[in-house]
Each structure stands twice: as C-alpha cells, then as structure tokens.
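Engineer: Got a structure for you, run29.txt, holding compact mmCIF, C-alpha atoms.
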# COMPACT_ATOMS: atom_id res chain seq x y z
CA MET A 1 276.35 92.81 155.01
CA GLU A 2 276.90 92.25 151.34
CA GLN A 3 274.00 91.66 148.97
CA HIS A 4 274.49 89.86 145.69
CA GLN A 5 272.30 90.44 142.69
CA PRO A 6 270.99 87.22 141.16
CA GLU A 7 272.74 86.17 137.96
CA PRO A 8 270.69 86.88 134.84
CA PRO A 9 269.72 83.76 132.87
CA ALA A 10 272.19 82.62 130.21
CA TYR A 11 269.62 82.94 127.43
CA ILE A 12 269.61 86.75 127.71
CA GLU A 13 273.20 86.90 126.43
CA ARG A 14 272.51 84.36 123.67
CA VAL A 15 269.40 86.21 122.48
CA THR A 16 271.38 89.44 122.15
CA GLN A 17 274.25 87.57 120.46
CA LEU A 18 272.08 85.81 117.87
CA ASN A 19 269.46 88.60 117.49
CA GLN A 20 267.32 86.70 114.99
CA ALA A 21 264.72 83.97 115.39
CA MET A 22 261.95 82.09 113.68
CA PHE A 23 258.63 82.72 115.41
CA TYR A 24 256.14 79.84 115.53
CA CYS A 25 252.66 79.70 117.03
CA TYR A 26 250.39 76.76 117.85
CA ASN A 27 246.77 76.64 116.78
CA GLU A 28 243.84 74.86 118.47
CA ALA A 29 244.78 71.56 116.82
CA SER A 30 248.34 71.82 118.24
CA ASP A 31 249.79 72.36 114.78
CA ARG A 32 252.94 74.48 114.75
CA LEU A 33 252.57 77.35 112.27
CA PRO A 34 255.55 79.40 111.11
CA VAL A 35 254.77 83.07 111.54
CA SER A 36 257.85 85.03 110.53
CA ARG A 37 261.52 85.74 111.05
CA VAL A 38 261.91 88.37 113.74
CA THR A 39 264.74 90.61 114.97
CA GLY A 40 265.11 93.48 117.40
CA PHE A 41 264.37 91.91 120.78
CA THR A 42 264.08 93.77 124.08
CA PHE A 43 263.61 92.30 127.54
CA GLY A 44 260.87 93.61 129.85
CA ASP A 45 262.27 91.46 132.65
CA ASN A 46 264.23 88.19 132.70
CA ASN A 47 261.17 86.17 131.63
CA THR A 48 259.46 88.55 129.19
CA LEU A 49 260.66 89.30 125.68
CA HIS A 50 259.23 92.03 123.39
CA PHE A 51 259.45 92.22 119.60
CA LYS A 52 257.41 93.16 116.54
CA THR A 53 256.20 90.92 113.76
CA ASN A 54 255.03 92.24 110.43
CA TYR A 55 253.05 89.11 109.54
CA PHE A 56 250.55 86.94 111.34
CA PRO A 57 248.50 84.12 109.75
CA VAL A 58 245.11 85.44 108.68
CA THR A 59 243.24 82.37 109.88
CA GLU A 60 244.70 82.74 113.37
CA ASN A 61 244.16 86.51 113.53
CA VAL A 62 241.24 86.24 115.95
CA TRP A 63 243.60 85.10 118.70
CA ASN A 64 245.61 87.38 120.89
CA VAL A 65 247.02 84.80 123.36
CA PHE A 66 248.58 81.53 122.17
CA ALA A 67 251.40 79.04 122.78
CA ALA A 68 254.50 79.91 120.80
CA GLU A 69 258.18 79.18 120.19
CA LEU A 70 261.18 81.23 119.17
CA HIS A 71 264.01 79.35 117.45
CA PHE A 72 267.26 81.35 117.69
CA TYR A 73 270.09 80.33 115.39
CA LYS A 74 272.58 81.97 113.10
CA LYS A 75 274.81 80.49 110.42
CA GLY A 76 278.39 80.16 111.62
CA VAL A 77 277.47 80.28 115.32
CA SER A 78 277.68 76.89 117.03
CA GLN A 79 275.13 77.74 119.73
CA SER A 80 271.37 77.97 119.32
CA LEU A 81 268.37 77.96 121.59
CA VAL A 82 264.62 77.50 121.57
CA LEU A 83 262.35 79.52 123.83
CA HIS A 84 258.93 78.02 124.62
CA GLY A 85 256.22 80.16 126.09
CA VAL A 86 253.05 82.16 125.75
CA ALA A 87 252.77 85.04 123.28
CA ILE A 88 250.35 87.92 123.53
CA ILE A 89 249.95 89.86 120.31
CA ASP A 90 248.70 93.43 120.28
CA LEU A 91 247.04 93.89 116.91
CA VAL A 92 246.43 97.59 117.55
CA ASN A 93 250.17 98.35 117.82
CA ASP A 94 251.14 96.79 114.46
CA GLY A 95 252.04 93.30 115.65
CA PHE A 96 253.78 94.08 118.94
CA VAL A 97 254.35 90.75 120.72
CA GLN A 98 254.92 90.15 124.42
CA PHE A 99 256.48 86.70 124.85
CA SER A 100 256.49 85.12 128.34
CA ILE A 101 259.28 82.54 128.56
CA LYS A 102 258.25 79.26 130.21
CA ASP A 103 261.05 76.89 129.10
CA VAL A 104 264.43 77.16 127.37
CA SER A 105 266.31 74.50 125.36
CA TYR A 106 270.00 74.99 124.55
CA PHE A 107 271.80 73.36 121.64
CA GLU A 108 275.48 73.38 120.76
CA GLN A 109 277.18 71.90 117.72
CA TYR A 110 280.69 70.69 118.27
CA ALA A 111 283.41 71.18 115.67
CA SER A 112 283.95 67.43 115.28
CA GLN A 113 280.37 67.03 114.01
CA LYS A 114 280.84 69.33 111.05
CA ASP A 115 281.30 67.66 107.68
CA LYS A 116 284.02 69.08 105.50
CA GLY A 117 282.96 68.11 102.02
CA LEU A 118 280.00 67.89 99.73
CA LEU A 119 280.45 64.16 99.07
CA SER A 120 280.43 63.27 102.77
CA THR A 121 277.20 65.24 103.16
CA LEU A 122 275.58 63.48 100.20
CA PHE A 123 276.65 59.97 101.19
CA LYS A 124 276.21 60.27 104.96
CA PRO A 125 272.82 58.43 105.10
CA TYR A 126 274.07 55.67 102.82
CA ILE A 127 277.22 55.17 104.91
CA TYR A 128 275.09 54.86 108.05
CA PHE A 129 272.87 52.18 106.47
CA TYR A 130 275.94 50.35 105.11
CA LYS A 131 277.48 50.20 108.58
CA LYS A 132 274.25 49.01 110.19
CA SER A 133 273.65 46.32 107.56
CA SER A 134 277.22 45.05 107.83
CA GLU A 135 276.84 44.82 111.62
CA LEU A 136 273.62 42.86 111.16
CA LEU A 137 275.21 40.45 108.69
CA GLN A 138 278.24 40.02 110.93
CA HIS A 139 276.00 39.19 113.87
CA THR A 140 273.86 36.75 111.82
CA PHE A 141 276.75 34.71 110.42
CA ARG A 142 278.96 34.79 113.50
CA ARG A 143 280.63 31.45 114.22
CA LYS A 144 279.42 29.95 117.46
CA ASN A 145 281.90 28.35 119.80
CA ALA A 146 280.91 24.77 120.67
CA THR A 147 282.86 24.71 123.92
CA GLY A 148 280.57 27.36 125.46
CA TYR A 149 277.54 25.02 125.30
CA PHE A 150 279.08 22.17 127.31
CA GLN A 151 280.33 24.13 130.29
I need this file expressed as structure tokens, please.
Structural biologist:
Amino acid sequence: MEQHQPEPPAYIERVTQLNQAMFYCYNEASDRLPVSRVTGFTFGDNNTLHFKTNYFPVTENVWNVFAAELHFYKKGVSQSLVLHGVAIIDLVNDGFVQFSIKDVSYFEQYASQKDKGLLSTLFKPYIYFYKKSSELLQHTFRRKNATGYFQ
C-alpha cells in the first residue's frame, strides 16, 4: 500500500521566492499599522511562520497577541501574496514573531497590464475619464428609432 504525503501549500514556495514582506498589525480600533519590512522567514509547520522584527510601535508595545498581515511582493516579480493571521510577539527575544496563517490571498500581474511609458502612466486616469464621459454623451444623444415604438 502506497502512502502519499500531502502537498505543501503553494504559499510556502512563494514566501521563499520573494523573501521580503511588509508587516502590518491591527490595533483595538481596527486600524492597520505598518510595523516594518521583514526578511528571513522560517516555517515551523505549514501554517506557522517565524521571523524577527527590529521595530514595533511603542503605543502597541503592551500587546503580545494581535491580528496581523504580511504583504509579500518584490519589484520585477509578477506574483505577490498577502498572509492574514494572528501574530504573537516575544518581546524578551528581541522581537521574535510567531505568525499563525489563517488566510492567504494571491495576486498576479499579467504582462499585458504593464504600461510601457511615462506618458501613459501620467495620463491613464484622464484617458479613463475621457472614455467614460464620451460613452455617457453618446448614450445621452443617441438617435431613437421611431419604428420601435409602434410595433
């Protein structure tokens, strides 16, 4: 009888590939606070991530368990992900964080979405509004067909 090991989650490979993230925590008012940029991740198991942070907001320092997010992205890499979970910070061990993963969001940017030039980046919002306004004007002044009303 053959036993198969379960496949590890896809985010483990992406975390090791990107190897940098922005660490955010949530306070009692559900405000998201940026904590720091972190690197050097290790996995305790498939749902627990360990890392160190050298900074933690002074006003939130009384906490040791809180809701948190890790935003993984790297310039030039089309894939990114966001890990949502619960972070436990050990203030005795110089900011050692144990992050329990509860939810994962994957994002991928396709090559067709990339803008090539500076001008297209600058004028992109104006082009969008121009297209929407022209559609609105076209719809407002559209000629109505009289034969459709009598049938």
Engineer: Pick out the residues sitting within 8 Å of Ile101 in chain A, and hand them over as a PDB file with C-alpha atoms, keeping the file's coordinate frame; count all atoms listed in the file, and ignore anything fewer than 2 positions along from it in its own chain.
Structural biologist:
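Written output follows (selection.pdb):
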ATOM      1  CA  ASN A  47     261.170  86.170 131.630  1.00  0.00           C
ATOM      2  CA  THR A  48     259.460  88.550 129.190  1.00  0.00           C
ATOM      3  CA  LEU A  49     260.660  89.300 125.680  1.00  0.00           C
ATOM      4  CA  LEU A  83     262.350  79.520 123.830  1.00  0.00           C
ATOM      5  CA  HIS A  84     258.930  78.020 124.620  1.00  0.00           C
ATOM      6  CA  GLY A  85     256.220  80.160 126.090  1.00  0.00           C
ATOM      7  CA  VAL A  86     253.050  82.160 125.750  1.00  0.00           C
ATOM      8  CA  PHE A  99     256.480  86.700 124.850  1.00  0.00           C
ATOM      9  CA  ASP A 103     261.050  76.890 129.100  1.00  0.00           C
ATOM     10  CA  VAL A 104     264.430  77.160 127.370  1.00  0.00           C
TER      11      VAL A 104
END
Engineer: For each of A:Phe56, A:Tyr11, A:Tyr26, A:Tyr126, take the minimum atom-to-atom distance to Asp90 in chain A, counting only C-alpha atoms, then give the residue where this is smallest.
Structural biologist: A:Phe56
Engineer: Return as JSON the box centre and box size in Å, one decimal, for an axis-aligned box around all listed atoms of range 17-31 of chain A padded by 5 Å per side.
Structural biologist:
{"center_x": 259.0, "center_y": 80.1, "center_z": 117.1, "size_x": 40.4, "size_y": 27.0, "size_z": 16.8}
Engineer: Please measure the separation of CA of Leu81 in chain A and CA of Val35 in chain A, giving the value in Å to one decimal.
Structural biologist: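 Taking CA of Leu81 in chain A and CA of Val35 in chain A, their separation equals 17.7 Å.
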Engineer: Looking at all atoms listed in the file, which of A:Glu69, A:Ser78, A:Asp45, A:Glu7 is the one that sits closest to Phe23 in chain A?
Structural biologist: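 So, comparing all the options, the nearest one is A:Glu69.
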Engineer: Take CA of Lys75 in chain A and CA of Gly95 in chain A and report the distance between them in Å, one decimal.
Structural biologist: 26.6 Å
Engineer: In Å, rounded to a single decimal, give me how far CA of Gly40 in chain A is from CA of Ala21 in chain A.
Structural biologist: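 Computing the Euclidean distance for CA of Ala21 in chain A and CA of Gly40 in chain A yields 9.7 Å.
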Engineer: My structure is short of atoms at range 71-102 of chain A; please model N, CA and C atoms there, returning them as a short mmCIF file (atom, residue, chain, number, x, y, z; two decimals), keeping the file's coordinate frame.
Structural biologist:
data_model
loop_
_atom_site.label_atom_id
_atom_site.label_comp_id
_atom_site.auth_asym_id
_atom_site.auth_seq_id
_atom_site.Cartn_x
_atom_site.Cartn_y
_atom_site.Cartn_z
N HIS A 71 262.83 80.14 117.75
CA HIS A 71 264.01 79.35 117.45
C HIS A 71 265.14 80.30 117.06
N PHE A 72 266.12 80.46 117.94
CA PHE A 72 267.26 81.35 117.69
C PHE A 72 268.42 80.55 117.13
N TYR A 73 268.89 80.94 115.97
CA TYR A 73 270.09 80.33 115.39
C TYR A 73 270.66 81.29 114.36
N LYS A 74 271.93 81.14 114.10
CA LYS A 74 272.58 81.97 113.10
C LYS A 74 273.68 81.13 112.45
N LYS A 75 273.81 81.23 111.16
CA LYS A 75 274.81 80.49 110.42
C LYS A 75 276.20 80.89 110.91
N GLY A 76 277.03 79.91 111.17
CA GLY A 76 278.39 80.16 111.62
C GLY A 76 278.54 80.23 113.13
N VAL A 77 277.43 80.26 113.86
CA VAL A 77 277.47 80.28 115.32
C VAL A 77 277.08 78.89 115.80
N SER A 78 277.90 78.28 116.64
CA SER A 78 277.68 76.89 117.03
C SER A 78 276.60 76.73 118.09
N GLN A 79 276.15 77.82 118.68
CA GLN A 79 275.13 77.74 119.73
C GLN A 79 273.79 78.22 119.21
N SER A 80 272.73 77.54 119.65
CA SER A 80 271.37 77.97 119.32
C SER A 80 270.48 77.66 120.51
N LEU A 81 269.30 78.23 120.51
CA LEU A 81 268.37 77.96 121.59
C LEU A 81 266.94 78.09 121.11
N VAL A 82 266.05 77.45 121.85
CA VAL A 82 264.62 77.50 121.57
C VAL A 82 263.93 77.96 122.84
N LEU A 83 263.13 79.01 122.71
CA LEU A 83 262.35 79.52 123.83
C LEU A 83 260.90 79.08 123.63
N HIS A 84 260.33 78.45 124.64
CA HIS A 84 258.93 78.02 124.62
C HIS A 84 258.17 78.92 125.58
N GLY A 85 256.98 79.31 125.19
CA GLY A 85 256.22 80.16 126.09
C GLY A 85 254.87 80.55 125.55
N VAL A 86 254.36 81.64 126.11
CA VAL A 86 253.05 82.16 125.75
C VAL A 86 253.25 83.55 125.14
N ALA A 87 252.65 83.76 123.98
CA ALA A 87 252.77 85.04 123.28
C ALA A 87 251.43 85.77 123.31
N ILE A 88 251.52 87.05 123.57
CA ILE A 88 250.35 87.92 123.53
C ILE A 88 250.61 88.94 122.43
N ILE A 89 249.75 88.95 121.42
CA ILE A 89 249.95 89.86 120.31
C ILE A 89 248.98 91.03 120.43
N ASP A 90 249.51 92.22 120.22
CA ASP A 90 248.70 93.43 120.28
C ASP A 90 248.47 93.89 118.84
N LEU A 91 247.32 93.59 118.31
CA LEU A 91 247.04 93.89 116.91
C LEU A 91 246.86 95.38 116.67
N VAL A 92 246.59 96.15 117.70
CA VAL A 92 246.43 97.59 117.55
C VAL A 92 247.78 98.26 117.30
N ASN A 93 248.82 97.77 117.95
CA ASN A 93 250.17 98.35 117.82
C ASN A 93 251.00 97.67 116.74
N ASP A 94 250.42 97.35 115.61
CA ASP A 94 251.14 96.79 114.46
C ASP A 94 251.96 95.56 114.78
N GLY A 95 251.38 94.58 115.43
CA GLY A 95 252.04 93.30 115.65
C GLY A 95 253.05 93.29 116.77
N PHE A 96 252.89 94.10 117.79
CA PHE A 96 253.78 94.08 118.94
C PHE A 96 253.48 92.82 119.74
N VAL A 97 254.52 92.03 120.05
CA VAL A 97 254.35 90.75 120.72
C VAL A 97 255.05 90.78 122.07
N GLN A 98 254.35 90.36 123.10
CA GLN A 98 254.92 90.15 124.42
C GLN A 98 255.01 88.65 124.63
N PHE A 99 256.23 88.14 124.77
CA PHE A 99 256.48 86.70 124.85
C PHE A 99 256.93 86.36 126.27
N SER A 100 256.13 85.57 126.99
CA SER A 100 256.49 85.12 128.34
C SER A 100 257.20 83.79 128.24
N ILE A 101 258.44 83.73 128.69
CA ILE A 101 259.28 82.54 128.56
C ILE A 101 258.93 81.55 129.66
N LYS A 102 258.59 80.32 129.25
CA LYS A 102 258.25 79.26 130.21
C LYS A 102 259.34 78.20 130.27
#
